[in-house]
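Structure file coords.txt with compact mmCIF, N, CA and C atoms:
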```
# COMPACT_ATOMS: atom_id res chain seq x y z
N MET A 98 12.24 53.12 12.21
CA MET A 98 13.37 52.39 11.68
C MET A 98 13.62 51.12 12.49
N GLY A 99 13.08 51.07 13.73
CA GLY A 99 13.30 49.91 14.58
C GLY A 99 12.49 48.71 14.13
N LEU A 100 12.46 47.70 14.98
CA LEU A 100 11.75 46.48 14.65
C LEU A 100 10.37 46.44 15.30
N GLU A 101 9.59 47.48 15.12
CA GLU A 101 8.23 47.49 15.62
C GLU A 101 7.34 46.79 14.61
N PHE A 102 6.52 45.88 15.10
CA PHE A 102 5.68 45.10 14.20
C PHE A 102 4.32 45.76 14.04
N TYR A 103 3.85 45.76 12.82
CA TYR A 103 2.54 46.30 12.49
C TYR A 103 1.48 45.34 13.00
N LYS A 104 0.55 45.83 13.81
CA LYS A 104 -0.53 45.03 14.40
C LYS A 104 0.03 43.76 15.05
N LYS A 105 0.91 43.99 15.98
CA LYS A 105 1.57 42.88 16.69
C LYS A 105 0.53 41.97 17.33
N GLY A 106 0.72 40.68 17.19
CA GLY A 106 -0.18 39.71 17.77
C GLY A 106 -1.26 39.22 16.83
N GLN A 107 -1.50 39.94 15.76
CA GLN A 107 -2.51 39.54 14.79
C GLN A 107 -1.81 38.90 13.59
N GLY A 108 -2.32 37.79 13.15
CA GLY A 108 -1.74 37.11 11.99
C GLY A 108 -0.33 36.62 12.24
N TYR A 109 -0.03 36.31 13.49
CA TYR A 109 1.35 35.94 13.87
C TYR A 109 1.82 34.71 13.11
N TYR A 110 1.04 33.63 13.16
CA TYR A 110 1.49 32.38 12.55
C TYR A 110 1.54 32.48 11.02
N THR A 111 0.60 33.21 10.44
CA THR A 111 0.61 33.38 8.99
C THR A 111 1.85 34.14 8.55
N ARG A 112 2.16 35.22 9.25
CA ARG A 112 3.36 36.00 8.90
C ARG A 112 4.62 35.20 9.17
N LEU A 113 4.66 34.47 10.28
CA LEU A 113 5.83 33.69 10.63
C LEU A 113 6.08 32.59 9.59
N CYS A 114 5.04 31.84 9.26
CA CYS A 114 5.20 30.76 8.28
C CYS A 114 5.55 31.30 6.89
N SER A 115 4.96 32.43 6.52
CA SER A 115 5.29 33.04 5.22
C SER A 115 6.75 33.48 5.19
N ALA A 116 7.21 34.07 6.27
CA ALA A 116 8.61 34.52 6.33
C ALA A 116 9.56 33.33 6.32
N ILE A 117 9.20 32.26 7.03
CA ILE A 117 10.05 31.06 7.03
C ILE A 117 10.11 30.44 5.64
N ALA A 118 8.96 30.33 4.98
CA ALA A 118 8.93 29.75 3.63
C ALA A 118 9.76 30.60 2.66
N ALA A 119 9.61 31.92 2.72
CA ALA A 119 10.39 32.79 1.85
C ALA A 119 11.88 32.70 2.19
N GLY A 120 12.20 32.56 3.47
CA GLY A 120 13.60 32.40 3.88
C GLY A 120 14.20 31.10 3.36
N ILE A 121 13.41 30.02 3.40
CA ILE A 121 13.91 28.75 2.87
C ILE A 121 14.16 28.86 1.37
N LEU A 122 13.23 29.47 0.64
CA LEU A 122 13.43 29.65 -0.80
C LEU A 122 14.66 30.52 -1.08
N THR A 123 14.84 31.56 -0.28
CA THR A 123 16.01 32.42 -0.44
C THR A 123 17.29 31.65 -0.16
N ALA A 124 17.29 30.85 0.90
CA ALA A 124 18.48 30.05 1.23
C ALA A 124 18.80 29.05 0.13
N LEU A 125 17.78 28.41 -0.42
CA LEU A 125 18.02 27.47 -1.51
C LEU A 125 18.57 28.17 -2.75
N GLY A 126 18.04 29.35 -3.04
CA GLY A 126 18.56 30.13 -4.16
C GLY A 126 20.00 30.56 -3.95
N CYS A 127 20.32 30.96 -2.74
CA CYS A 127 21.69 31.37 -2.43
C CYS A 127 22.65 30.18 -2.48
N TYR A 128 22.17 29.01 -2.07
CA TYR A 128 23.01 27.82 -2.18
C TYR A 128 23.29 27.49 -3.65
N ARG A 129 22.26 27.64 -4.47
CA ARG A 129 22.44 27.42 -5.92
C ARG A 129 23.44 28.44 -6.49
N LEU A 130 23.33 29.68 -6.06
CA LEU A 130 24.27 30.71 -6.48
C LEU A 130 25.69 30.36 -6.04
N TYR A 131 25.83 29.86 -4.83
CA TYR A 131 27.13 29.43 -4.30
C TYR A 131 27.73 28.36 -5.21
N ASP A 132 26.93 27.38 -5.62
CA ASP A 132 27.42 26.34 -6.53
C ASP A 132 27.80 26.92 -7.89
N LYS A 133 27.01 27.83 -8.41
CA LYS A 133 27.27 28.41 -9.73
C LYS A 133 28.52 29.29 -9.72
N LEU A 134 28.81 29.92 -8.59
CA LEU A 134 29.98 30.80 -8.52
C LEU A 134 31.29 30.01 -8.47
N ASP A 135 31.22 28.71 -8.40
CA ASP A 135 32.42 27.88 -8.42
C ASP A 135 33.12 27.98 -9.78
N ALA A 136 32.38 28.36 -10.81
CA ALA A 136 32.94 28.45 -12.16
C ALA A 136 33.71 29.75 -12.40
N ILE A 137 33.81 30.61 -11.41
CA ILE A 137 34.53 31.88 -11.59
C ILE A 137 36.00 31.59 -11.88
N GLY A 138 36.46 32.09 -12.99
CA GLY A 138 37.87 31.98 -13.34
C GLY A 138 38.32 30.57 -13.70
N ALA A 139 37.40 29.65 -13.92
CA ALA A 139 37.79 28.27 -14.22
C ALA A 139 38.11 28.07 -15.69
N SER A 140 37.59 28.94 -16.55
CA SER A 140 37.75 28.71 -17.99
C SER A 140 39.12 29.12 -18.52
N GLN A 141 39.75 30.09 -17.95
CA GLN A 141 41.05 30.52 -18.43
C GLN A 141 41.89 31.03 -17.25
N GLU A 142 43.13 31.29 -17.54
CA GLU A 142 43.97 31.91 -16.51
C GLU A 142 43.39 33.28 -16.20
N SER A 143 43.13 33.52 -14.97
CA SER A 143 42.53 34.80 -14.64
C SER A 143 43.31 35.48 -13.53
N LEU A 144 42.92 36.70 -13.28
CA LEU A 144 43.57 37.50 -12.25
C LEU A 144 42.98 37.21 -10.87
N ILE A 145 41.97 36.36 -10.84
CA ILE A 145 41.31 36.07 -9.57
C ILE A 145 42.11 35.01 -8.83
N THR A 146 42.60 35.39 -7.68
CA THR A 146 43.38 34.45 -6.87
C THR A 146 42.42 33.50 -6.14
N PRO A 147 42.92 32.37 -5.66
CA PRO A 147 42.04 31.45 -4.93
C PRO A 147 41.41 32.07 -3.69
N ALA A 148 42.12 32.96 -3.03
CA ALA A 148 41.55 33.61 -1.84
C ALA A 148 40.39 34.51 -2.22
N ILE A 149 40.55 35.29 -3.28
CA ILE A 149 39.47 36.17 -3.74
C ILE A 149 38.29 35.33 -4.23
N LYS A 150 38.62 34.25 -4.93
CA LYS A 150 37.57 33.36 -5.43
C LYS A 150 36.75 32.80 -4.27
N THR A 151 37.41 32.40 -3.20
CA THR A 151 36.71 31.86 -2.03
C THR A 151 35.83 32.92 -1.39
N TRP A 152 36.35 34.14 -1.25
CA TRP A 152 35.56 35.22 -0.66
C TRP A 152 34.37 35.56 -1.55
N LEU A 153 34.58 35.60 -2.87
CA LEU A 153 33.46 35.88 -3.77
C LEU A 153 32.42 34.78 -3.71
N ARG A 154 32.90 33.53 -3.73
CA ARG A 154 31.98 32.39 -3.75
C ARG A 154 31.13 32.35 -2.49
N ALA A 155 31.69 32.68 -1.35
CA ALA A 155 30.94 32.65 -0.10
C ALA A 155 30.26 33.98 0.21
N GLY A 156 30.91 35.08 -0.14
CA GLY A 156 30.41 36.40 0.25
C GLY A 156 29.21 36.86 -0.55
N VAL A 157 29.22 36.62 -1.85
CA VAL A 157 28.10 37.09 -2.68
C VAL A 157 26.78 36.43 -2.26
N PRO A 158 26.73 35.09 -2.12
CA PRO A 158 25.47 34.49 -1.66
C PRO A 158 25.07 34.95 -0.26
N ALA A 159 26.05 35.15 0.62
CA ALA A 159 25.73 35.61 1.97
C ALA A 159 25.14 37.02 1.93
N LEU A 160 25.71 37.88 1.11
CA LEU A 160 25.20 39.24 0.98
C LEU A 160 23.80 39.24 0.36
N VAL A 161 23.62 38.43 -0.67
CA VAL A 161 22.29 38.32 -1.30
C VAL A 161 21.27 37.81 -0.28
N PHE A 162 21.66 36.81 0.53
CA PHE A 162 20.75 36.27 1.54
C PHE A 162 20.37 37.34 2.56
N LEU A 163 21.35 38.10 3.04
CA LEU A 163 21.06 39.13 4.03
C LEU A 163 20.14 40.21 3.46
N ILE A 164 20.39 40.62 2.23
CA ILE A 164 19.55 41.64 1.60
C ILE A 164 18.12 41.13 1.43
N LEU A 165 17.99 39.89 0.92
CA LEU A 165 16.65 39.33 0.71
C LEU A 165 15.94 39.05 2.03
N ALA A 166 16.68 38.66 3.06
CA ALA A 166 16.06 38.46 4.38
C ALA A 166 15.49 39.77 4.91
N TRP A 167 16.24 40.85 4.73
CA TRP A 167 15.76 42.17 5.15
C TRP A 167 14.50 42.55 4.37
N VAL A 168 14.51 42.30 3.05
CA VAL A 168 13.35 42.61 2.20
C VAL A 168 12.14 41.79 2.65
N ILE A 169 12.36 40.51 2.95
CA ILE A 169 11.26 39.65 3.39
C ILE A 169 10.67 40.16 4.70
N LEU A 170 11.52 40.51 5.65
CA LEU A 170 11.02 41.03 6.93
C LEU A 170 10.26 42.34 6.75
N LYS A 171 10.75 43.21 5.89
CA LYS A 171 10.05 44.48 5.62
C LYS A 171 8.72 44.21 4.95
N MET A 172 8.71 43.25 4.00
CA MET A 172 7.49 42.97 3.27
C MET A 172 6.43 42.36 4.19
N VAL A 173 6.81 41.39 5.00
CA VAL A 173 5.86 40.73 5.90
C VAL A 173 5.30 41.71 6.92
N ASN A 174 6.06 42.73 7.26
CA ASN A 174 5.63 43.71 8.25
C ASN A 174 4.96 44.93 7.63
N SER A 175 4.91 45.00 6.30
CA SER A 175 4.28 46.16 5.67
C SER A 175 2.77 46.12 5.92
N PRO A 176 2.14 47.27 6.09
CA PRO A 176 0.70 47.28 6.42
C PRO A 176 -0.16 46.54 5.39
N ARG A 177 0.11 46.74 4.13
CA ARG A 177 -0.70 46.11 3.09
C ARG A 177 -0.60 44.58 3.16
N CYS A 178 0.61 44.08 3.22
CA CYS A 178 0.84 42.63 3.28
C CYS A 178 0.34 42.05 4.60
N ALA A 179 0.62 42.73 5.69
CA ALA A 179 0.20 42.25 7.01
C ALA A 179 -1.32 42.18 7.11
N ASP A 180 -2.00 43.21 6.61
CA ASP A 180 -3.47 43.19 6.64
C ASP A 180 -4.02 42.03 5.83
N PHE A 181 -3.41 41.75 4.67
CA PHE A 181 -3.83 40.61 3.85
C PHE A 181 -3.65 39.30 4.62
N MET A 182 -2.50 39.14 5.26
CA MET A 182 -2.23 37.90 6.00
C MET A 182 -3.13 37.76 7.22
N ILE A 183 -3.42 38.87 7.88
CA ILE A 183 -4.33 38.85 9.03
C ILE A 183 -5.72 38.42 8.57
N ALA A 184 -6.18 38.98 7.45
CA ALA A 184 -7.49 38.61 6.91
C ALA A 184 -7.51 37.15 6.48
N THR A 185 -6.41 36.68 5.89
CA THR A 185 -6.33 35.29 5.46
C THR A 185 -6.41 34.35 6.66
N GLU A 186 -5.69 34.67 7.72
CA GLU A 186 -5.73 33.84 8.92
C GLU A 186 -7.14 33.83 9.52
N GLY A 187 -7.80 34.97 9.50
CA GLY A 187 -9.17 35.04 10.01
C GLY A 187 -10.12 34.16 9.21
N GLU A 188 -9.96 34.17 7.88
CA GLU A 188 -10.81 33.33 7.03
C GLU A 188 -10.51 31.85 7.23
N MET A 189 -9.25 31.51 7.46
CA MET A 189 -8.89 30.10 7.67
C MET A 189 -9.49 29.57 8.97
N LYS A 190 -9.68 30.44 9.94
CA LYS A 190 -10.30 30.02 11.20
C LYS A 190 -11.79 29.72 11.02
N LYS A 191 -12.40 30.29 9.98
CA LYS A 191 -13.82 30.07 9.72
C LYS A 191 -14.08 28.79 8.93
N VAL A 192 -13.04 28.20 8.38
CA VAL A 192 -13.20 27.01 7.54
C VAL A 192 -13.65 25.83 8.38
N SER A 193 -14.59 25.08 7.85
CA SER A 193 -15.07 23.87 8.51
C SER A 193 -14.25 22.70 7.99
N TRP A 194 -13.29 22.23 8.79
CA TRP A 194 -12.39 21.16 8.36
C TRP A 194 -13.05 19.81 8.60
N SER A 195 -12.83 18.87 7.71
CA SER A 195 -13.38 17.52 7.83
C SER A 195 -12.67 16.78 8.96
N SER A 196 -13.40 15.84 9.56
CA SER A 196 -12.79 15.03 10.62
C SER A 196 -11.92 13.94 9.99
N ARG A 197 -11.10 13.33 10.80
CA ARG A 197 -10.22 12.26 10.32
C ARG A 197 -11.05 11.10 9.76
N LYS A 198 -12.15 10.77 10.44
CA LYS A 198 -13.00 9.67 10.00
C LYS A 198 -13.59 9.96 8.61
N GLU A 199 -14.04 11.18 8.38
CA GLU A 199 -14.59 11.55 7.07
C GLU A 199 -13.53 11.47 5.98
N ILE A 200 -12.32 11.93 6.28
CA ILE A 200 -11.24 11.90 5.29
C ILE A 200 -10.86 10.47 4.95
N VAL A 201 -10.76 9.61 5.96
CA VAL A 201 -10.41 8.20 5.71
C VAL A 201 -11.48 7.52 4.87
N SER A 202 -12.75 7.73 5.23
CA SER A 202 -13.82 7.07 4.47
C SER A 202 -13.89 7.61 3.04
N SER A 203 -13.70 8.89 2.85
CA SER A 203 -13.69 9.47 1.50
C SER A 203 -12.52 8.93 0.68
N THR A 204 -11.37 8.80 1.29
CA THR A 204 -10.20 8.27 0.60
C THR A 204 -10.43 6.83 0.18
N ILE A 205 -11.04 6.02 1.04
CA ILE A 205 -11.33 4.63 0.69
C ILE A 205 -12.30 4.57 -0.49
N VAL A 206 -13.33 5.42 -0.48
CA VAL A 206 -14.28 5.46 -1.59
C VAL A 206 -13.57 5.81 -2.89
N VAL A 207 -12.68 6.79 -2.86
CA VAL A 207 -11.95 7.20 -4.07
C VAL A 207 -11.06 6.06 -4.57
N ILE A 208 -10.34 5.40 -3.68
CA ILE A 208 -9.44 4.31 -4.08
C ILE A 208 -10.24 3.17 -4.69
N ILE A 209 -11.36 2.79 -4.08
CA ILE A 209 -12.19 1.72 -4.61
C ILE A 209 -12.75 2.10 -5.98
N THR A 210 -13.19 3.34 -6.12
CA THR A 210 -13.72 3.81 -7.41
C THR A 210 -12.65 3.76 -8.49
N VAL A 211 -11.45 4.17 -8.17
CA VAL A 211 -10.36 4.14 -9.15
C VAL A 211 -10.04 2.70 -9.56
N ILE A 212 -10.02 1.79 -8.60
CA ILE A 212 -9.75 0.38 -8.91
C ILE A 212 -10.85 -0.19 -9.81
N ILE A 213 -12.11 0.08 -9.48
CA ILE A 213 -13.22 -0.40 -10.30
C ILE A 213 -13.13 0.17 -11.72
N MET A 214 -12.84 1.45 -11.84
CA MET A 214 -12.72 2.07 -13.17
C MET A 214 -11.56 1.47 -13.96
N ALA A 215 -10.44 1.18 -13.28
CA ALA A 215 -9.29 0.57 -13.96
C ALA A 215 -9.65 -0.82 -14.47
N ILE A 216 -10.34 -1.60 -13.65
CA ILE A 216 -10.76 -2.94 -14.08
C ILE A 216 -11.74 -2.84 -15.25
N LEU A 217 -12.70 -1.93 -15.16
CA LEU A 217 -13.66 -1.73 -16.24
C LEU A 217 -12.96 -1.34 -17.54
N LEU A 218 -12.02 -0.42 -17.47
CA LEU A 218 -11.29 -0.01 -18.68
C LEU A 218 -10.44 -1.16 -19.23
N MET A 219 -9.88 -1.98 -18.35
CA MET A 219 -9.10 -3.12 -18.81
C MET A 219 -10.00 -4.11 -19.56
N VAL A 220 -11.19 -4.38 -19.02
CA VAL A 220 -12.13 -5.30 -19.67
C VAL A 220 -12.54 -4.75 -21.03
N VAL A 221 -12.87 -3.47 -21.10
CA VAL A 221 -13.25 -2.86 -22.37
C VAL A 221 -12.10 -2.94 -23.37
N ASP A 222 -10.88 -2.70 -22.91
CA ASP A 222 -9.71 -2.78 -23.78
C ASP A 222 -9.51 -4.18 -24.33
N VAL A 223 -9.64 -5.19 -23.46
CA VAL A 223 -9.47 -6.58 -23.90
C VAL A 223 -10.58 -6.97 -24.90
N VAL A 224 -11.82 -6.57 -24.62
CA VAL A 224 -12.93 -6.90 -25.54
C VAL A 224 -12.71 -6.25 -26.89
N PHE A 225 -12.36 -4.96 -26.92
CA PHE A 225 -12.12 -4.29 -28.20
C PHE A 225 -10.92 -4.87 -28.93
N SER A 226 -9.86 -5.21 -28.18
CA SER A 226 -8.70 -5.83 -28.81
C SER A 226 -9.07 -7.16 -29.45
N PHE A 227 -9.87 -7.97 -28.75
CA PHE A 227 -10.30 -9.26 -29.28
C PHE A 227 -11.16 -9.07 -30.53
N LEU A 228 -12.13 -8.12 -30.46
CA LEU A 228 -12.99 -7.87 -31.62
C LEU A 228 -12.18 -7.37 -32.82
N LEU A 229 -11.23 -6.46 -32.59
CA LEU A 229 -10.42 -5.94 -33.69
C LEU A 229 -9.50 -7.03 -34.25
N TYR A 230 -9.08 -7.98 -33.41
CA TYR A 230 -8.28 -9.10 -33.89
C TYR A 230 -9.13 -10.02 -34.76
N GLU A 231 -10.36 -10.25 -34.32
CA GLU A 231 -11.25 -11.16 -35.05
C GLU A 231 -11.64 -10.61 -36.42
N ILE A 232 -11.80 -9.30 -36.56
CA ILE A 232 -12.16 -8.76 -37.87
C ILE A 232 -10.94 -8.44 -38.72
N GLY A 233 -9.75 -8.68 -38.20
CA GLY A 233 -8.53 -8.55 -38.99
C GLY A 233 -7.82 -7.22 -38.92
N VAL A 234 -8.26 -6.32 -38.09
CA VAL A 234 -7.59 -5.02 -37.97
C VAL A 234 -6.27 -5.18 -37.22
N LEU A 235 -6.27 -5.97 -36.16
CA LEU A 235 -5.06 -6.25 -35.40
C LEU A 235 -4.46 -7.57 -35.87
N LYS A 236 -3.16 -7.62 -36.00
CA LYS A 236 -2.48 -8.84 -36.45
C LYS A 236 -2.21 -9.81 -35.30
N VAL A 237 -2.03 -9.26 -34.08
CA VAL A 237 -1.72 -10.08 -32.92
C VAL A 237 -2.63 -9.69 -31.78
N PHE A 238 -3.22 -10.69 -31.13
CA PHE A 238 -4.03 -10.43 -29.95
C PHE A 238 -3.24 -10.84 -28.73
N SER A 239 -3.00 -9.89 -27.83
CA SER A 239 -2.21 -10.16 -26.65
C SER A 239 -2.87 -9.51 -25.44
N LEU A 240 -2.80 -10.19 -24.32
CA LEU A 240 -3.36 -9.63 -23.09
C LEU A 240 -2.34 -8.82 -22.32
N SER A 241 -1.11 -8.76 -22.79
CA SER A 241 -0.10 -8.02 -22.06
C SER A 241 0.17 -6.66 -22.65
```
Would you write out, as structure tokens, the structure that this file holds?
Amino acid sequence: MGLEFYKKGQGYYTRLCSAIAAGILTALGCYRLYDKLDAIGASQESLITPAIKTWLRAGVPALVFLILAWVILKMVNSPRCADFMIATEGEMKKVSWSSRKEIVSSTIVVIITVIIMAILLMVVDVVFSFLLYEIGVLKVFSLS
């Protein structure tokens, strides 16, 4: 029942980052819930006093956050999930990452190729527009 971690020390960063990402998503969802709960009792005269409304508006998202945080911690520490994350981290360590120089040179090649293709397509578009204007299919020839 305590906070003993399954295979402590293995897959630490993967589990930590996964838990942080899930926590951020949970917090954003609870904030959205907090905003949506502002509409409680706004449509008609209700029995909900402003004090109760404030407690509901703040308490429900806080309770949901605590429950989901507990679920996330249990899930990240479960043997099945932990083993998957440990294996994923192991595979990521085997990946051959490109160097900064390779990435920069590849990016430049892609940008130049896109620019050349854009110019080529523009030239083809202008030529076809001119030809279609000359044979009478287009009423107006414009370069813009």
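In this structure, CA of Ser226 in chain A sits 6.7 Å away from CA of Phe238 in chain A.
Relative to CA of Ala119 in chain A, atom N of Arg154 in chain A is found at 23.2 Å.
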Discussion item. Taking 5 positions as the minimum chain separation for residues in the same chain, which residues sit within 8 Å of Val157 in chain A when counting only N, CA and C atoms? Answer as a PyMOL selection string.
Written reply: chain A and resi 127+130-131+151-152+162-163
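Across the structure, CA of Ser115 in chain A and CA of Ile164 in chain A are spaced 17.0 Å apart.
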Practice prompt. Name the residues within 8 Å of (4.0, 42.1, 9.4), counting only N, CA and C atoms in the file's coordinates, and put them as JSON, numbers by chain.
Written response: {"A": [101, 102, 103, 104, 105, 107, 108, 112, 113, 170, 171, 172, 173, 174, 175, 176, 178, 179, 180]}
Discussion item. Let's see if you can do this: from backbone DSSP, list all helix (DSSP H, G or I) residues in chain A, as a VMD selection string.
Written reply: chain A and resid 109 to 136 147 to 174 176 to 191 197 to 231
